[in-house]
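The file my_file15.txt comes next; it holds compact mmCIF, C-alpha atoms and all ligand atoms.
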# COMPACT_ATOMS: atom_id res chain seq x y z
CA MET A 1 0.00 0.00 0.00
CA THR A 2 1.29 3.44 -0.94
CA ARG A 3 2.62 5.50 1.96
CA THR A 4 3.30 9.23 1.91
CA HIS A 5 6.65 10.40 3.28
CA TYR A 6 7.99 13.80 4.18
CA TYR A 7 11.66 12.88 3.78
CA THR A 8 14.02 15.76 4.32
CA ALA A 9 17.04 17.17 6.10
CA THR A 10 17.18 20.03 8.56
CA SER A 11 19.65 22.14 10.47
CA LEU A 12 19.81 21.65 14.24
CA ASP A 13 17.64 24.74 14.66
CA GLY A 14 14.94 23.51 12.29
CA PHE A 15 15.61 25.06 8.89
CA LEU A 16 15.45 23.39 5.46
CA ALA A 17 17.40 26.13 3.73
CA ASP A 18 19.12 29.29 4.87
CA ALA A 19 17.61 32.75 4.46
CA ASN A 20 18.97 32.95 0.88
CA ASP A 21 17.54 29.53 -0.07
CA SER A 22 21.04 28.10 -0.04
CA LEU A 23 21.68 24.45 0.80
CA ASP A 24 25.47 24.80 0.91
CA TRP A 25 25.47 24.06 4.64
CA LEU A 26 23.77 20.72 3.89
CA LEU A 27 25.51 19.71 0.69
CA SER A 28 28.90 20.22 2.35
CA GLN A 29 28.10 17.49 4.92
CA ASP A 30 29.76 14.10 4.56
CA VAL A 31 26.60 12.04 4.04
CA ASP A 32 26.52 8.31 3.38
CA ASP A 33 23.66 7.74 0.90
CA GLU A 34 23.64 4.08 1.90
CA GLY A 35 23.66 4.86 5.65
CA PRO A 36 20.75 5.29 8.09
CA PHE A 37 17.65 6.60 6.26
CA GLY A 38 19.84 6.63 3.12
CA TYR A 39 18.55 8.34 -0.02
CA LYS A 40 19.38 5.42 -2.32
CA GLU A 41 17.07 2.95 -0.62
CA PHE A 42 14.41 5.61 -0.07
CA ILE A 43 14.18 6.82 -3.67
CA ALA A 44 14.04 3.26 -5.00
CA GLY A 45 10.70 2.89 -3.20
CA VAL A 46 9.21 6.16 -4.46
CA GLY A 47 6.86 6.33 -7.47
CA ALA A 48 5.79 9.99 -7.45
CA MET A 49 6.88 13.23 -5.78
CA VAL A 50 5.60 16.71 -5.04
CA MET A 51 7.42 19.95 -4.24
CA GLY A 52 6.68 23.63 -3.77
CA ALA A 53 7.66 26.16 -6.39
CA THR A 54 10.60 27.51 -4.37
CA THR A 55 12.11 24.04 -4.17
CA TYR A 56 11.51 23.60 -7.90
CA ASP A 57 13.25 26.93 -8.52
CA TRP A 58 16.20 25.62 -6.50
CA VAL A 59 16.43 22.48 -8.66
CA LEU A 60 16.16 24.57 -11.83
CA THR A 61 18.94 26.89 -10.70
CA ASN A 62 21.27 24.37 -9.13
CA HIS A 63 20.89 21.40 -11.48
CA ILE A 64 19.36 22.43 -14.80
CA GLY A 65 20.97 25.90 -14.75
CA LYS A 66 24.37 24.25 -14.33
CA GLY A 67 23.87 21.95 -17.31
CA GLU A 68 22.98 18.89 -15.25
CA PRO A 69 20.11 16.61 -16.27
CA TRP A 70 16.78 16.49 -14.42
CA PRO A 71 17.62 14.31 -11.39
CA TYR A 72 14.41 12.27 -11.09
CA GLU A 73 12.90 9.42 -13.12
CA ILE A 74 9.42 9.59 -11.59
CA PRO A 75 6.53 12.01 -12.16
CA ALA A 76 6.97 15.22 -10.16
CA TRP A 77 4.20 17.63 -9.24
CA VAL A 78 5.08 21.26 -8.62
CA MET A 79 2.65 23.30 -6.52
CA THR A 80 2.39 26.89 -7.70
CA HIS A 81 -0.06 29.69 -8.37
CA ARG A 82 2.13 30.83 -11.26
CA ASP A 83 1.47 30.16 -14.93
CA PRO A 84 3.27 26.84 -15.67
CA GLY A 85 4.47 28.43 -18.90
CA SER A 86 6.55 30.87 -16.86
CA PHE A 87 8.94 28.09 -15.81
CA ALA A 88 11.81 26.99 -18.03
CA ASP A 89 11.28 23.83 -20.09
CA VAL A 90 13.21 20.88 -18.68
CA PRO A 91 14.12 18.21 -21.21
CA GLY A 92 13.39 14.67 -20.03
CA ALA A 93 11.42 15.75 -16.96
CA ASP A 94 7.89 14.55 -16.22
CA VAL A 95 6.75 17.68 -14.36
CA ARG A 96 3.09 18.47 -13.74
CA PHE A 97 1.77 21.64 -12.15
CA ALA A 98 -1.03 21.99 -9.61
CA ALA A 99 -2.49 24.51 -7.19
CA GLY A 100 -4.89 24.52 -4.28
CA ASP A 101 -6.08 21.72 -2.03
CA VAL A 102 -3.37 19.07 -1.62
CA ARG A 103 -5.98 16.31 -1.31
CA ALA A 104 -6.65 16.35 -5.06
CA VAL A 105 -2.93 16.31 -5.79
CA HIS A 106 -2.43 13.48 -3.33
CA ALA A 107 -4.97 11.35 -5.19
CA ALA A 108 -3.08 11.93 -8.44
CA LEU A 109 0.28 11.24 -6.75
CA THR A 110 -0.97 7.99 -5.26
CA GLU A 111 -2.33 6.81 -8.59
CA ALA A 112 0.93 7.66 -10.36
CA ALA A 113 3.02 5.98 -7.65
CA GLY A 114 1.36 2.59 -8.27
CA ASP A 115 2.69 0.12 -5.72
CA ARG A 116 5.44 2.51 -4.65
CA ASP A 117 5.35 5.45 -2.23
CA VAL A 118 4.81 9.21 -2.50
CA TRP A 119 7.55 11.68 -1.53
CA VAL A 120 6.59 15.11 -0.26
CA VAL A 121 9.90 16.87 -0.92
CA GLY A 122 8.99 20.13 0.77
CA GLY A 123 9.19 22.89 1.70
CA GLY A 124 7.84 22.93 5.18
CA ASP A 125 4.58 24.72 4.50
CA LEU A 126 3.68 22.27 1.75
CA ALA A 127 4.52 19.32 4.03
CA ALA A 128 2.37 20.93 6.71
CA GLN A 129 -0.54 21.15 4.25
CA PHE A 130 -0.29 17.38 3.74
CA ALA A 131 0.00 16.83 7.50
CA LEU A 132 -3.01 19.03 8.20
CA ALA A 133 -5.04 17.05 5.66
CA GLY A 134 -4.03 13.83 7.46
CA LEU A 135 -2.09 12.60 4.44
CA LEU A 136 1.43 12.16 5.85
CA ASP A 137 2.30 8.64 6.96
CA ASP A 138 6.02 9.02 7.66
CA LEU A 139 8.32 11.83 8.62
CA THR A 140 12.02 11.11 8.09
CA VAL A 141 14.31 13.95 9.08
CA SER A 142 18.09 13.84 8.94
CA ILE A 143 19.63 16.50 11.15
CA ALA A 144 22.84 18.20 10.12
CA PRO A 145 25.09 19.39 12.97
CA VAL A 146 24.74 23.01 11.85
CA THR A 147 22.76 25.99 13.10
CA LEU A 148 21.58 28.66 10.67
CA GLY A 149 19.76 31.16 12.86
CA ALA A 150 17.17 31.88 10.18
CA GLY A 151 15.81 30.41 6.97
CA ARG A 152 12.99 28.24 5.61
CA PRO A 153 11.38 26.25 8.42
CA LEU A 154 11.07 22.47 8.56
CA PHE A 155 7.44 23.02 9.59
CA PRO A 156 5.87 26.46 9.96
CA ALA A 157 4.46 27.43 13.35
CA PRO A 158 1.18 25.61 14.00
CA SER A 159 -0.57 28.94 14.45
CA THR A 160 0.04 29.98 10.82
CA SER A 161 -1.37 27.25 8.66
CA ALA A 162 -0.73 23.76 9.90
CA SER A 163 -0.39 21.24 12.69
CA PRO A 164 2.68 19.02 12.74
CA PRO A 165 2.23 15.23 12.55
CA ARG A 166 1.48 13.49 15.82
CA PRO A 167 4.43 11.78 17.55
CA ALA A 168 5.34 8.13 17.09
CA THR A 169 3.56 7.20 20.33
CA ALA A 170 0.21 7.92 18.65
CA PRO A 171 -1.90 5.01 17.24
CA SER A 172 -0.32 3.03 14.43
CA SER A 173 -2.30 4.85 11.74
CA ALA A 174 -0.60 8.12 12.75
CA PRO A 175 2.60 9.36 11.09
CA THR A 176 5.81 8.07 12.59
CA THR A 177 8.87 10.20 13.12
CA LYS A 178 12.43 9.04 12.53
CA SER A 179 15.47 11.16 12.85
CA TRP A 180 19.18 10.76 12.85
CA ALA A 181 21.49 13.28 14.40
CA PRO A 182 25.28 12.96 14.52
CA ALA A 183 26.99 14.74 17.40
CA PRO A 184 28.40 18.13 16.36
CA GLY A 185 31.90 17.64 15.01
CA SER A 186 31.45 13.92 14.33
CA SER A 187 31.01 12.27 10.94
CA PRO A 188 28.09 10.11 9.92
CA PRO A 189 28.81 6.37 9.94
CA CYS A 190 30.48 5.33 6.71
CA ALA A 191 29.64 2.16 4.80
CA LYS A 192 32.95 0.56 5.78
CA GLU A 193 32.34 1.16 9.48
CA ARG A 194 28.99 -0.54 9.25
CA ARG A 195 30.74 -3.54 7.72
CA GLY A 196 33.00 -3.72 10.78
CA HIS A 197 35.98 -1.69 9.54
CA ALA A 198 37.22 1.62 10.87
CA CYS A 199 36.34 4.68 8.82
CA PRO A 200 39.16 6.76 7.36
CA VAL A 201 39.86 9.78 9.59
N1 LIG B 1 16.79 20.55 3.41
C1 LIG B 1 16.13 19.87 2.49
O1 LIG B 1 16.27 18.64 2.37
C2 LIG B 1 15.16 20.60 1.62
C3 LIG B 1 14.04 19.94 1.11
C4 LIG B 1 13.13 20.66 0.34
C5 LIG B 1 13.35 22.00 0.09
N2 LIG B 1 14.45 22.59 0.56
C6 LIG B 1 14.70 24.01 0.33
O2 LIG B 1 13.88 24.72 1.24
C7 LIG B 1 13.35 25.86 0.62
C8 LIG B 1 11.83 25.67 0.61
O3 LIG B 1 11.27 26.88 0.74
P1 LIG B 1 9.71 27.06 1.10
O4 LIG B 1 9.32 26.13 2.17
O5 LIG B 1 9.49 28.47 1.33
O6 LIG B 1 9.05 26.77 -0.28
P2 LIG B 1 8.35 25.63 -1.16
O7 LIG B 1 7.38 24.81 -0.41
O8 LIG B 1 9.39 24.92 -1.92
O9 LIG B 1 7.59 26.59 -2.15
C9 LIG B 1 6.60 27.47 -1.67
C10 LIG B 1 5.75 27.85 -2.85
O10 LIG B 1 5.04 26.70 -3.29
C11 LIG B 1 3.80 27.11 -3.83
N3 LIG B 1 2.72 26.44 -3.11
C12 LIG B 1 2.78 25.82 -1.89
N4 LIG B 1 1.60 25.27 -1.59
C13 LIG B 1 0.79 25.54 -2.63
C14 LIG B 1 -0.57 25.22 -2.93
N5 LIG B 1 -1.33 24.51 -2.09
N6 LIG B 1 -1.09 25.65 -4.11
C15 LIG B 1 -0.33 26.38 -4.97
N7 LIG B 1 0.94 26.71 -4.76
C16 LIG B 1 1.49 26.29 -3.60
C17 LIG B 1 3.75 28.63 -3.75
O11 LIG B 1 4.37 29.03 -4.95
P3 LIG B 1 3.94 30.30 -5.82
O12 LIG B 1 4.48 31.46 -5.05
O13 LIG B 1 4.64 30.07 -7.12
O14 LIG B 1 2.45 30.28 -5.92
C18 LIG B 1 4.68 28.90 -2.58
O15 LIG B 1 5.21 30.20 -2.60
C19 LIG B 1 13.93 25.93 -0.78
O16 LIG B 1 15.09 26.72 -0.79
C20 LIG B 1 14.32 24.48 -1.05
O17 LIG B 1 15.39 24.35 -1.96
C21 LIG B 1 15.36 21.94 1.33

Translate this structure into structure tokens?
Amino acid sequence: MTRTHYYTATSLDGFLADANDSLDWLLSQDVDDEGPFGYKEFIAGVGAMVMGATTYDWVLTNHIGKGEPWPYEIPAWVMTHRDPGSFADVPGADVRFAAGDVRAVHAALTEAAGDRDVWVVGGGDLAAQFALAGLLDDLTVSIAPVTLGAGRPLFPAPSTSASPPRPATAPSSAPTTKSWAPAPGSSPPCAKERRGHACPV
């Protein structure tokens, strides 16, 4: 059965991106894609994804704008009030645009995902819209040992537009929360270490 994940990474003080929408603080981390909550295993189980327009802009600027190919092989929905024609054309990308109530988009995502899962990429307000509609099953948050002081929140304050998912102690139908946080200054476990060898210093 298709599950809907908010799978993301945050700073220690709860930001997805810094105040300039930069992810340099995150992309400079030494992350093991095959480690705990690794991206490789996660994305293999995903059949459709959805992101907000700011996140899409980031992908356009930082991948397509640098001559890199579209990084996903699954249908991607972009939530925006803008005219879809105002976005650059991306060769090879299956991108669909939507606006409004996330419940309609979720139905389309679930159908497109088939027997795989749905990935809510973010940002936080969009994830909160899914949570508020009771559509988030899993929340997987990797925590980078970095503080930013300001930026785009992991979840906006409940008083603005959303309630966060209930904690893992709630009934089994409620979203579960997983997180992994290395101690500041330490490195994430490397693949070798998990196989019983010491990691290179
Ligand atoms: N750390 C991570 O792993 C991670 C993950 C995801 C994103 N990010 C970064 O975090 C930042 C996200 O910023 P964000 O949270 O402010 O933005 P966002 O969710 O990516 O985009 C917000 C925009 O999405 C559109 N939108 C959202 N809900 C909508 C709805 N129901 N109907 C129509 N349009 C809707 C609106 O676009 P319009 O203004 O066009 O109408 C809104 O301004 C980006 O810099 C991104 O790169 C980081």

- Task: Just the residues within 10 Å of Ala108 (chain A), please, counting only C-alpha atoms, with nothing from its chain fewer than 6 positions along; format it as a ChimeraX atom specification.
- Result: /A:48,77,102

- Given the choices A:Ile74, A:Ala98, A:Val118, A:Met1, which gets closest to ligand LIG 1 (chain B) if the distance is worked out from all atoms listed in the file? A:Ala98

- Note on the structure: CA of Glu41 (chain A) to CA of Ala113 (chain A) measures 16.0 Å

- Item | Nearest-residue call for Thr4 (chain A), choices A:Val78, A:Val141, A:Met49, A:Leu132, using all atoms listed in the file | A:Met49

Nearby polymer residues, ligand LIG 1 (chain B), at most 6 Å, only C-alpha atoms and all ligand atoms, as a PDB file with C-alpha atoms, keeping the file's coordinate frame:
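Contents of part36.pdb, as written:
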ATOM      1  CA  THR A   8      14.020  15.760   4.320  1.00  0.00           C
ATOM      2  CA  ALA A   9      17.040  17.170   6.100  1.00  0.00           C
ATOM      3  CA  THR A  10      17.180  20.030   8.560  1.00  0.00           C
ATOM      4  CA  LEU A  16      15.450  23.390   5.460  1.00  0.00           C
ATOM      5  CA  ALA A  17      17.400  26.130   3.730  1.00  0.00           C
ATOM      6  CA  ASP A  21      17.540  29.530  -0.070  1.00  0.00           C
ATOM      7  CA  MET A  51       7.420  19.950  -4.240  1.00  0.00           C
ATOM      8  CA  GLY A  52       6.680  23.630  -3.770  1.00  0.00           C
ATOM      9  CA  ALA A  53       7.660  26.160  -6.390  1.00  0.00           C
ATOM     10  CA  THR A  54      10.600  27.510  -4.370  1.00  0.00           C
ATOM     11  CA  THR A  55      12.110  24.040  -4.170  1.00  0.00           C
ATOM     12  CA  TRP A  58      16.200  25.620  -6.500  1.00  0.00           C
ATOM     13  CA  MET A  79       2.650  23.300  -6.520  1.00  0.00           C
ATOM     14  CA  THR A  80       2.390  26.890  -7.700  1.00  0.00           C
ATOM     15  CA  HIS A  81      -0.060  29.690  -8.370  1.00  0.00           C
ATOM     16  CA  ARG A  82       2.130  30.830 -11.260  1.00  0.00           C
ATOM     17  CA  ALA A  99      -2.490  24.510  -7.190  1.00  0.00           C
ATOM     18  CA  GLY A 100      -4.890  24.520  -4.280  1.00  0.00           C
ATOM     19  CA  ASP A 101      -6.080  21.720  -2.030  1.00  0.00           C
ATOM     20  CA  VAL A 102      -3.370  19.070  -1.620  1.00  0.00           C
ATOM     21  CA  VAL A 121       9.900  16.870  -0.920  1.00  0.00           C
ATOM     22  CA  GLY A 122       8.990  20.130   0.770  1.00  0.00           C
ATOM     23  CA  GLY A 123       9.190  22.890   1.700  1.00  0.00           C
ATOM     24  CA  GLY A 124       7.840  22.930   5.180  1.00  0.00           C
ATOM     25  CA  ASP A 125       4.580  24.720   4.500  1.00  0.00           C
ATOM     26  CA  LEU A 126       3.680  22.270   1.750  1.00  0.00           C
ATOM     27  CA  ARG A 152      12.990  28.240   5.610  1.00  0.00           C
TER      28      ARG A 152
END
